[in-house]
Amino acid sequence: MGPLRWLPLFGQLLLLWPPAARPAGPIRAFVVPHSHMDVGWVYTVQESMRAYAANVYTTVVAELIRGERRRFIAVEQEFFRLWWDGVASEQQKQQVCQLLDEGRLEFVLGGQVMHDEAVTHLDDQILQLTEGHGFLYETFGIRPRFSWHVDPFGASATTPTLFALAGFNAHLISRIDYNLKDAMQEAQGLQFVWHGSPSLSEQQEIFTHVMDQYSYCTPSHIPFSNRSGFYWNGVAVFPEPPPDGVYPNMSEPVTVANIHLYAEALVANVKQRVAWFRTPHVLWPWGCDKQFFNASVQFDNMDPLLEYINNHSAQFGISVQYATLNDYFQALHASNMTWGIHDHHDFLPYSSDTSPVGYSASVYNPLAWKITTIITLTVAFPSVSVTDELGHPVSAQIQNSTKDPSAYDLLILTTIPGLSYRHYQVRRTLEDQASTRLVAPRANTLKFSLKLRNQTSQEGKLLVPVTNDCYTLLFDQDTNMLHSIRDRQSNHTVHMTQEFLEYQANGDVKQGPISDNYLFAPNDTAEPSWEAVGMEMVVGALATDIRQYFYRNITDQDYIYSINTRLAHVHPSLAGELLCQRIEQQYRVGPLDLNREAILRTSSDLNTQQVLYSDNNGYQMQRRPYKAFKSNPIPRNYYPMVQSAFIEDDKSRLVLLAERAHGVSSQENGQVEVMLHRRLWNNLAWDLKYNLTLNDTSVVHSVLWLLLGPKSTTTALHPRSGVALQHRPVVLLKELAGEETPVHRPHDPWPVTLPPNLHLQILSIPGWKYSRNHTQHLKNLQRGHPGMSQANLHRVLLRLHHLYEAGEDPVLSRPATVDLKVALGGLGSVVAVEERSLTGTWDVQTLKRWHWRTKDGHLKGYPTSPRRSPGDSIVTVYPKEIRTFFIHFQQ
């Protein structure tokens, strides 16, 4: 979001509050102690209560009783009610009532949570506020008068109306777009009266205070005291508080030797802030996430600091006091200022300028094979260094992002053993360090001019090659389209092009068949949906991206379709063969015009005889010959592609692998088309009654991987590559602060590795608790004891799936034998293996299914797996077999 979008508002603010105007009168800092307690963020409510939340209220109440000047605001009722109902003593409850009567403890907002504003429905917002307000009124007879909405990501124009109707006198927010906040600070425009609804009048307007750039946390940048702000109690520890009471990042205590340094830091910050507001009253929030779990050390340090500043008020030019929101807003209200008005527009979307210095990335491989792949991270800086667990440099590449023009894509090459992690440090570097060996090289971008769809091509004259060890892709500069792909192993070239087309659908039931949720009924054949295409190539040492942008009209500023094709420059080693031999494509489609169904059509010179193969639920492939129906031939030749499809001739096979289900068809020889997006509306009464129309204006992002080569090669690659797409690595990111140092750790020494034709479909602790002994389980049910009180953490459900058909591949179609004690040894000591039915409820030794008489002519295949002897951990899985086990680990 750029500043130009906010230009009209900037102008209004500048006219209302000239930047030269500054507050007059003595500066008063209102120090508002608080603890921001997210309900259910990262940790559960119960975990947060145990680690810190209960201690916040226990210690705060005690410390407020000890000092009459002290104040505190409480926000989220979820935590307070749990403390009140399950922790607080009768004496503490009486003390809370006393503090509320004296105005030294104040409930602000008063809902169960601090609800999000961007994506929550009005009904839910009101419900959670009603629940919290009802509790406060019923218990204490109080009604919150001020909001404290400091953490929702963006501010909705619904909120001022909602909070005004709830009886609040003033509203406080924080997270708005950083460019807008900067401008409002300069124009002293952070406080105004907000009209939320254009239809209502004074009953829904509310005075609104926007927190400045420091937001709701105490400034942490202090040259001394661990740079942790004014948090003498440190950082909360999960899952239990430390028994010795020593918490990480505890600020240096206030002493005679350093009190003047603390005072100067606080005063300087107050004076910086007062210039951003129209009155000399500064709201100075003291606290942050999970603070005040040890309120005694907090107040014992702040008390002398505030006293010191007030004793030197003439020298510092300010006075300070503990305050609640009521104290602060009362002072503003008494100033009798005339405030500007903000109309019914919102502050969405929210954007923050908080450029971390880097990231810690943990990458998990959910497959039971070693994989080599490229992960892509979005970073905010163009120059980075990437190191692994031991601090060694890692192959990487940085380039302009396809998603955000102000960001960058960081490509990292990773090799990860089965069910294991790799850990990487991504650090921002200075431009003048770009020549060092640790810095990820920058990819070069080549741009090609826009070409019309009907542009003629001088065949073979202007072809641009993109090559790795497995493929050469040729793109035609005359058309900006894919021209052909050469499989380098077989040295065979397939002419191929890709484009987007749309089927136009009828939406009027009076005019004939319609397309809707249940039917695909196009009016005619698909037509090209674009007039011009642009292209750029991002060429790097690790990978090359070819980006094609399709415009509906040549005069359009925004493209409606795009293809991002990636070819990795990785040698086809044992771990890297899958990466080298796939062409990764990501598509952007939409928004569509009404009653259009968009497809990607890949046309080749393969002599396929209009025969298509598509999968049944990702399990097995089915041959789909084209059928020349007299009516509705297009939709009647469309099939589901849950995971894969392919077309082939006697030389080559083209495989398409999908991350999600699509419709797929082959309408002409050598063609395969994939349905990517639909936008439909019709007047079918049944649809309208249940609002089942698909009038979807969204943009979809789909991924396909392409494999090309002889049948023997693609047969071996196809099942494993499909599973690799479905189960790509999971990336967990953590922002790095400036003072953090890399944590070096060794690789996981015990990966889980299965034969390449076996897929570990599931390895999990099931939620159910039933006994595996059926007779015992029935007895337990009869006694009213269906199972154990908690899940058995030592019983794990394991399911293995043989990926290949019998006879499909000379090696990979063989039965696979594995010793589960050895394969799972890195997870613990396996003491027992018992085979179960597919869902785990039957012991296969006791499972007896009916046999039915059939005519002669059974299909020949491998026999079912022989029965295992009890306790045997060696299992054999036959082609296409799925076997399920309970694995018992040592206690």
# chains A, B, ... in the order shown; residues from 1 in each chain; ligands from 1

call {"tool": "residues_around", "arguments": {"residues": "region 33-50 of chain A", "least_positions_apart": "4", "cutoff": "6 Å", "atoms": "only C-alpha atoms", "output": "list in words"}}
result
Ala54, Phe72, Ile73, Trp286, Gly287, Cys288, Asp289, Lys290 and Gln291 of chain A

call {"tool": "residues_around", "arguments": {"residues": "Pro766 (chain A)", "least_positions_apart": "2", "cutoff": "12 Å", "atoms": "only C-alpha atoms", "output": "PDB file with all heavy atoms, in the first residue's frame"}}
result
ATOM      1  N   ILE A 762       0.798 -42.382   7.105  1.00  0.00           N
ATOM      2  CA  ILE A 762       0.484 -41.738   8.378  1.00  0.00           C
ATOM      3  C   ILE A 762       1.361 -42.336   9.462  1.00  0.00           C
ATOM      4  O   ILE A 762       1.680 -43.536   9.454  1.00  0.00           O
ATOM      5  CB  ILE A 762      -1.008 -41.886   8.736  1.00  0.00           C
ATOM      6  CG1 ILE A 762      -1.395 -40.954   9.890  1.00  0.00           C
ATOM      7  CG2 ILE A 762      -1.362 -43.322   9.085  1.00  0.00           C
ATOM      8  CD1 ILE A 762      -2.877 -40.848  10.133  1.00  0.00           C
ATOM      9  N   LEU A 763       1.774 -41.495  10.380  1.00  0.00           N
ATOM     10  CA  LEU A 763       2.497 -41.903  11.584  1.00  0.00           C
ATOM     11  C   LEU A 763       2.062 -40.929  12.659  1.00  0.00           C
ATOM     12  O   LEU A 763       2.552 -39.812  12.731  1.00  0.00           O
ATOM     13  CB  LEU A 763       4.011 -41.848  11.375  1.00  0.00           C
ATOM     14  CG  LEU A 763       4.879 -42.254  12.572  1.00  0.00           C
ATOM     15  CD1 LEU A 763       4.706 -43.743  12.863  1.00  0.00           C
ATOM     16  CD2 LEU A 763       6.339 -41.938  12.323  1.00  0.00           C
ATOM     17  N   SER A 764       1.089 -41.341  13.474  1.00  0.00           N
ATOM     18  CA  SER A 764       0.510 -40.387  14.415  1.00  0.00           C
ATOM     19  C   SER A 764       0.000 -41.095  15.654  1.00  0.00           C
ATOM     20  O   SER A 764      -0.244 -42.305  15.649  1.00  0.00           O
ATOM     21  CB  SER A 764      -0.638 -39.616  13.759  1.00  0.00           C
ATOM     22  OG  SER A 764      -1.747 -40.482  13.546  1.00  0.00           O
ATOM     23  N   TRP A 768      -8.255 -41.566  19.610  1.00  0.00           N
ATOM     24  CA  TRP A 768      -9.109 -42.490  20.356  1.00  0.00           C
ATOM     25  C   TRP A 768      -8.284 -43.339  21.323  1.00  0.00           C
ATOM     26  O   TRP A 768      -7.079 -43.464  21.207  1.00  0.00           O
ATOM     27  CB  TRP A 768      -9.912 -43.383  19.410  1.00  0.00           C
ATOM     28  CG  TRP A 768      -9.264 -43.660  18.090  1.00  0.00           C
ATOM     29  CD1 TRP A 768      -9.606 -43.132  16.897  1.00  0.00           C
ATOM     30  CD2 TRP A 768      -8.147 -44.534  17.831  1.00  0.00           C
ATOM     31  NE1 TRP A 768      -8.792 -43.616  15.907  1.00  0.00           N
ATOM     32  CE2 TRP A 768      -7.892 -44.481  16.446  1.00  0.00           C
ATOM     33  CE3 TRP A 768      -7.341 -45.342  18.614  1.00  0.00           C
ATOM     34  CZ2 TRP A 768      -6.865 -45.205  15.843  1.00  0.00           C
ATOM     35  CZ3 TRP A 768      -6.315 -46.067  18.022  1.00  0.00           C
ATOM     36  CH2 TRP A 768      -6.097 -45.980  16.647  1.00  0.00           C
ATOM     37  N   LYS A 769      -8.987 -43.949  22.281  1.00  0.00           N
ATOM     38  CA  LYS A 769      -8.295 -44.577  23.401  1.00  0.00           C
ATOM     39  C   LYS A 769      -8.658 -46.047  23.587  1.00  0.00           C
ATOM     40  O   LYS A 769      -8.285 -46.647  24.576  1.00  0.00           O
ATOM     41  CB  LYS A 769      -8.644 -43.823  24.696  1.00  0.00           C
ATOM     42  CG  LYS A 769      -8.513 -42.315  24.576  1.00  0.00           C
ATOM     43  CD  LYS A 769      -9.338 -41.603  25.639  1.00  0.00           C
ATOM     44  CE  LYS A 769      -9.386 -40.119  25.345  1.00  0.00           C
ATOM     45  NZ  LYS A 769     -10.642 -39.499  25.632  1.00  0.00           N
ATOM     46  N   TYR A 770      -9.409 -46.617  22.663  1.00  0.00           N
ATOM     47  CA  TYR A 770      -9.965 -47.948  22.907  1.00  0.00           C
ATOM     48  C   TYR A 770      -8.875 -49.025  23.015  1.00  0.00           C
ATOM     49  O   TYR A 770      -7.804 -48.911  22.437  1.00  0.00           O
ATOM     50  CB  TYR A 770     -10.976 -48.332  21.824  1.00  0.00           C
ATOM     51  CG  TYR A 770     -10.443 -48.340  20.405  1.00  0.00           C
ATOM     52  CD1 TYR A 770      -9.636 -49.369  19.947  1.00  0.00           C
ATOM     53  CD2 TYR A 770     -10.782 -47.323  19.515  1.00  0.00           C
ATOM     54  CE1 TYR A 770      -9.168 -49.385  18.647  1.00  0.00           C
ATOM     55  CE2 TYR A 770     -10.317 -47.331  18.211  1.00  0.00           C
ATOM     56  CZ  TYR A 770      -9.514 -48.362  17.790  1.00  0.00           C
ATOM     57  OH  TYR A 770      -9.037 -48.387  16.502  1.00  0.00           O
ATOM     58  N   GLN A 790      -6.833 -41.041  28.966  1.00  0.00           N
ATOM     59  CA  GLN A 790      -6.123 -40.243  27.984  1.00  0.00           C
ATOM     60  C   GLN A 790      -5.542 -41.151  26.916  1.00  0.00           C
ATOM     61  O   GLN A 790      -5.425 -42.359  27.105  1.00  0.00           O
ATOM     62  CB  GLN A 790      -5.017 -39.416  28.643  1.00  0.00           C
ATOM     63  CG  GLN A 790      -3.972 -40.253  29.357  1.00  0.00           C
ATOM     64  CD  GLN A 790      -2.934 -39.380  30.057  1.00  0.00           C
ATOM     65  OE1 GLN A 790      -3.073 -38.172  30.085  1.00  0.00           O
ATOM     66  NE2 GLN A 790      -1.910 -39.996  30.611  1.00  0.00           N
ATOM     67  N   ALA A 791      -5.178 -40.558  25.801  1.00  0.00           N
ATOM     68  CA  ALA A 791      -4.632 -41.332  24.694  1.00  0.00           C
ATOM     69  C   ALA A 791      -3.331 -42.006  25.114  1.00  0.00           C
ATOM     70  O   ALA A 791      -2.556 -41.478  25.913  1.00  0.00           O
ATOM     71  CB  ALA A 791      -4.394 -40.431  23.494  1.00  0.00           C
ATOM     72  N   ASN A 792      -3.099 -43.183  24.537  1.00  0.00           N
ATOM     73  CA  ASN A 792      -1.871 -43.923  24.816  1.00  0.00           C
ATOM     74  C   ASN A 792      -0.745 -43.338  23.969  1.00  0.00           C
ATOM     75  O   ASN A 792      -0.683 -43.544  22.760  1.00  0.00           O
ATOM     76  CB  ASN A 792      -2.086 -45.401  24.499  1.00  0.00           C
ATOM     77  CG  ASN A 792      -0.865 -46.242  24.825  1.00  0.00           C
ATOM     78  OD1 ASN A 792       0.183 -45.717  25.222  1.00  0.00           O
ATOM     79  ND2 ASN A 792      -0.990 -47.543  24.676  1.00  0.00           N
ATOM     80  N   LEU A 793       0.152 -42.608  24.606  1.00  0.00           N
ATOM     81  CA  LEU A 793       1.206 -41.913  23.872  1.00  0.00           C
ATOM     82  C   LEU A 793       2.269 -42.866  23.354  1.00  0.00           C
ATOM     83  O   LEU A 793       3.153 -42.448  22.600  1.00  0.00           O
ATOM     84  CB  LEU A 793       1.854 -40.853  24.767  1.00  0.00           C
ATOM     85  CG  LEU A 793       0.903 -39.781  25.312  1.00  0.00           C
ATOM     86  CD1 LEU A 793       1.674 -38.756  26.117  1.00  0.00           C
ATOM     87  CD2 LEU A 793       0.146 -39.098  24.188  1.00  0.00           C
ATOM     88  N   HIS A 794       2.228 -44.100  23.759  1.00  0.00           N
ATOM     89  CA  HIS A 794       3.230 -45.064  23.301  1.00  0.00           C
ATOM     90  C   HIS A 794       2.696 -45.967  22.195  1.00  0.00           C
ATOM     91  O   HIS A 794       3.415 -46.829  21.707  1.00  0.00           O
ATOM     92  CB  HIS A 794       3.712 -45.907  24.483  1.00  0.00           C
ATOM     93  CG  HIS A 794       4.297 -45.091  25.588  1.00  0.00           C
ATOM     94  ND1 HIS A 794       5.565 -44.567  25.533  1.00  0.00           N
ATOM     95  CD2 HIS A 794       3.777 -44.688  26.771  1.00  0.00           C
ATOM     96  CE1 HIS A 794       5.811 -43.886  26.640  1.00  0.00           C
ATOM     97  NE2 HIS A 794       4.737 -43.939  27.407  1.00  0.00           N
ATOM     98  N   ARG A 795       1.438 -45.782  21.806  1.00  0.00           N
ATOM     99  CA  ARG A 795       0.851 -46.540  20.704  1.00  0.00           C
ATOM    100  C   ARG A 795       0.671 -45.600  19.514  1.00  0.00           C
ATOM    101  O   ARG A 795      -0.068 -44.631  19.595  1.00  0.00           O
ATOM    102  CB  ARG A 795      -0.488 -47.149  21.122  1.00  0.00           C
ATOM    103  CG  ARG A 795      -1.148 -47.939  19.991  1.00  0.00           C
ATOM    104  CD  ARG A 795      -2.404 -48.650  20.454  1.00  0.00           C
ATOM    105  NE  ARG A 795      -3.473 -47.722  20.798  1.00  0.00           N
ATOM    106  CZ  ARG A 795      -4.689 -48.094  21.193  1.00  0.00           C
ATOM    107  NH1 ARG A 795      -4.967 -49.375  21.333  1.00  0.00           N
ATOM    108  NH2 ARG A 795      -5.613 -47.195  21.487  1.00  0.00           N
ATOM    109  N   VAL A 796       1.340 -45.910  18.434  1.00  0.00           N
ATOM    110  CA  VAL A 796       1.353 -45.044  17.267  1.00  0.00           C
ATOM    111  C   VAL A 796       0.719 -45.779  16.091  1.00  0.00           C
ATOM    112  O   VAL A 796       0.957 -46.982  15.896  1.00  0.00           O
ATOM    113  CB  VAL A 796       2.795 -44.617  16.922  1.00  0.00           C
ATOM    114  CG1 VAL A 796       2.831 -43.828  15.621  1.00  0.00           C
ATOM    115  CG2 VAL A 796       3.375 -43.778  18.053  1.00  0.00           C
ATOM    116  N   LEU A 797      -0.097 -45.064  15.328  1.00  0.00           N
ATOM    117  CA  LEU A 797      -0.727 -45.633  14.143  1.00  0.00           C
ATOM    118  C   LEU A 797       0.191 -45.405  12.941  1.00  0.00           C
ATOM    119  O   LEU A 797       0.563 -44.273  12.639  1.00  0.00           O
ATOM    120  CB  LEU A 797      -2.081 -44.974  13.904  1.00  0.00           C
ATOM    121  CG  LEU A 797      -2.875 -45.488  12.707  1.00  0.00           C
ATOM    122  CD1 LEU A 797      -3.380 -46.892  12.967  1.00  0.00           C
ATOM    123  CD2 LEU A 797      -4.051 -44.562  12.406  1.00  0.00           C
ATOM    124  N   LEU A 798       0.558 -46.478  12.270  1.00  0.00           N
ATOM    125  CA  LEU A 798       1.431 -46.412  11.100  1.00  0.00           C
ATOM    126  C   LEU A 798       0.705 -47.030   9.913  1.00  0.00           C
ATOM    127  O   LEU A 798       0.114 -48.104  10.029  1.00  0.00           O
ATOM    128  CB  LEU A 798       2.732 -47.177  11.365  1.00  0.00           C
ATOM    129  CG  LEU A 798       3.636 -47.421  10.160  1.00  0.00           C
ATOM    130  CD1 LEU A 798       4.287 -46.121   9.713  1.00  0.00           C
ATOM    131  CD2 LEU A 798       4.695 -48.468  10.466  1.00  0.00           C
ATOM    132  N   THR A 839      -8.593 -48.984   9.095  1.00  0.00           N
ATOM    133  CA  THR A 839      -8.916 -47.912  10.037  1.00  0.00           C
ATOM    134  C   THR A 839      -8.483 -48.217  11.459  1.00  0.00           C
ATOM    135  O   THR A 839      -8.695 -47.412  12.359  1.00  0.00           O
ATOM    136  CB  THR A 839     -10.419 -47.628  10.035  1.00  0.00           C
ATOM    137  OG1 THR A 839     -11.123 -48.829  10.415  1.00  0.00           O
ATOM    138  CG2 THR A 839     -10.875 -47.191   8.659  1.00  0.00           C
ATOM    139  N   GLY A 840      -7.884 -49.384  11.670  1.00  0.00           N
ATOM    140  CA  GLY A 840      -7.320 -49.705  12.970  1.00  0.00           C
ATOM    141  C   GLY A 840      -8.225 -50.449  13.917  1.00  0.00           C
ATOM    142  O   GLY A 840      -7.785 -50.868  14.993  1.00  0.00           O
ATOM    143  N   THR A 841      -9.500 -50.666  13.570  1.00  0.00           N
ATOM    144  CA  THR A 841     -10.425 -51.237  14.543  1.00  0.00           C
ATOM    145  C   THR A 841     -10.373 -52.762  14.610  1.00  0.00           C
ATOM    146  O   THR A 841     -10.827 -53.350  15.587  1.00  0.00           O
ATOM    147  CB  THR A 841     -11.869 -50.805  14.226  1.00  0.00           C
ATOM    148  OG1 THR A 841     -12.168 -51.148  12.872  1.00  0.00           O
ATOM    149  CG2 THR A 841     -12.029 -49.308  14.414  1.00  0.00           C
ATOM    150  N   PHE A 885      -0.656 -50.562  10.924  1.00  0.00           N
ATOM    151  CA  PHE A 885      -0.085 -51.193  12.106  1.00  0.00           C
ATOM    152  C   PHE A 885      -0.250 -50.290  13.331  1.00  0.00           C
ATOM    153  O   PHE A 885      -0.290 -49.068  13.220  1.00  0.00           O
ATOM    154  CB  PHE A 885       1.419 -51.453  11.911  1.00  0.00           C
ATOM    155  CG  PHE A 885       1.762 -52.266  10.703  1.00  0.00           C
ATOM    156  CD1 PHE A 885       2.003 -51.645   9.478  1.00  0.00           C
ATOM    157  CD2 PHE A 885       1.834 -53.657  10.767  1.00  0.00           C
ATOM    158  CE1 PHE A 885       2.326 -52.383   8.359  1.00  0.00           C
ATOM    159  CE2 PHE A 885       2.153 -54.404   9.644  1.00  0.00           C
ATOM    160  CZ  PHE A 885       2.392 -53.764   8.433  1.00  0.00           C
ATOM    161  N   PHE A 886      -0.322 -50.949  14.508  1.00  0.00           N
ATOM    162  CA  PHE A 886      -0.056 -50.268  15.766  1.00  0.00           C
ATOM    163  C   PHE A 886       1.402 -50.522  16.100  1.00  0.00           C
ATOM    164  O   PHE A 886       1.845 -51.679  16.184  1.00  0.00           O
ATOM    165  CB  PHE A 886      -0.927 -50.823  16.897  1.00  0.00           C
ATOM    166  CG  PHE A 886      -2.345 -50.327  16.891  1.00  0.00           C
ATOM    167  CD1 PHE A 886      -3.320 -50.979  17.627  1.00  0.00           C
ATOM    168  CD2 PHE A 886      -2.717 -49.195  16.174  1.00  0.00           C
ATOM    169  CE1 PHE A 886      -4.623 -50.533  17.642  1.00  0.00           C
ATOM    170  CE2 PHE A 886      -4.022 -48.747  16.178  1.00  0.00           C
ATOM    171  CZ  PHE A 886      -4.981 -49.412  16.920  1.00  0.00           C
ATOM    172  N   ILE A 887       2.145 -49.465  16.300  1.00  0.00           N
ATOM    173  CA  ILE A 887       3.534 -49.574  16.729  1.00  0.00           C
ATOM    174  C   ILE A 887       3.594 -49.184  18.198  1.00  0.00           C
ATOM    175  O   ILE A 887       3.172 -48.091  18.580  1.00  0.00           O
ATOM    176  CB  ILE A 887       4.456 -48.649  15.901  1.00  0.00           C
ATOM    177  CG1 ILE A 887       4.241 -48.876  14.403  1.00  0.00           C
ATOM    178  CG2 ILE A 887       5.909 -48.856  16.294  1.00  0.00           C
ATOM    179  CD1 ILE A 887       4.613 -50.258  13.934  1.00  0.00           C
TER     180      ILE A 887
END

call {"tool": "residues_around", "arguments": {"residues": "Ser837 (chain A)", "least_positions_apart": "3", "cutoff": "8 Å", "atoms": "only C-alpha atoms", "output": "PDB file with C-alpha atoms, in the first residue's frame"}}
result
ATOM      1  CA  GLY A 840      -7.320 -49.705  12.970  1.00  0.00           C
ATOM      2  CA  THR A 841     -10.425 -51.237  14.543  1.00  0.00           C
ATOM      3  CA  TRP A 842      -9.768 -54.885  13.555  1.00  0.00           C
ATOM      4  CA  ASP A 843      -6.872 -57.139  14.396  1.00  0.00           C
ATOM      5  CA  VAL A 844      -6.124 -58.634  10.970  1.00  0.00           C
ATOM      6  CA  LEU A 847     -10.650 -60.323  10.583  1.00  0.00           C
ATOM      7  CA  ARG A 883      -1.005 -51.965   5.387  1.00  0.00           C
ATOM      8  CA  THR A 884      -1.839 -50.499   8.805  1.00  0.00           C
TER       9      THR A 884
END

call {"tool": "residues_around", "arguments": {"residues": "Gly234 (chain A)", "least_positions_apart": "3", "cutoff": "9 Å", "atoms": "only C-alpha atoms", "output": "count of residues only"}}
result
10

call {"tool": "closest_residue", "arguments": {"among": "A:Val297, A:Ala361, A:Lys93, A:Ile126", "to": "Leu736 (chain A)", "atoms": "only C-alpha atoms"}}
result
A:Ala361

call {"tool": "closest_residue", "arguments": {"among": "A:Thr139, A:Asn400, A:Gln610, A:Asn757", "to": "Met537 (chain A)", "atoms": "only C-alpha atoms"}}
result
A:Asn400

call {"tool": "closest_residue", "arguments": {"among": "A:Glu531, A:Gly141, A:Arg422, A:Gln315", "to": "Leu732 (chain A)", "atoms": "only C-alpha atoms"}}
result
A:Arg422

call {"tool": "residues_around", "arguments": {"residues": "region 344-352 of chain A", "least_positions_apart": "2", "cutoff": "10 Å", "atoms": "only C-alpha atoms", "output": "ChimeraX atom specification"}}
result
/A:1,117-118,152-161,175-181,194-199,205,341-342,354-355

call {"tool": "residues_around", "arguments": {"residues": "Thr456 (chain A)", "least_positions_apart": "5", "cutoff": "12 Å", "atoms": "only C-alpha atoms", "output": "MDAnalysis selection string"}}
result
chainID A and resid 451 461:462 476:481

call {"tool": "write_last_selection", "arguments": {"atoms": "C-alpha atoms", "output": "compact mmCIF listing (two decimals), in the first residue's frame"}}
result
# COMPACT_ATOMS: atom_id res chain seq x y z
CA LYS A 451 3.31 -9.75 -28.04
CA LYS A 461 14.47 -18.13 -35.63
CA LEU A 462 14.21 -16.51 -32.21
CA ASP A 476 9.66 -18.19 -28.85
CA GLN A 477 10.55 -14.48 -28.67
CA ASP A 478 8.12 -13.75 -31.50
CA THR A 479 5.17 -14.97 -29.44
CA ASN A 480 6.43 -15.09 -25.82
CA MET A 481 5.05 -18.64 -25.73

call {"tool": "closest_residue", "arguments": {"among": "A:Asp303, A:Gln95, A:Val282, A:Leu474", "to": "Thr59 (chain A)", "atoms": "only C-alpha atoms"}}
result
A:Gln95

call {"tool": "closest_residue", "arguments": {"among": "A:Gln399, A:Asn564, A:Asn310, A:Gln671", "to": "Asp545 (chain A)", "atoms": "only C-alpha atoms"}}
result
A:Asn564
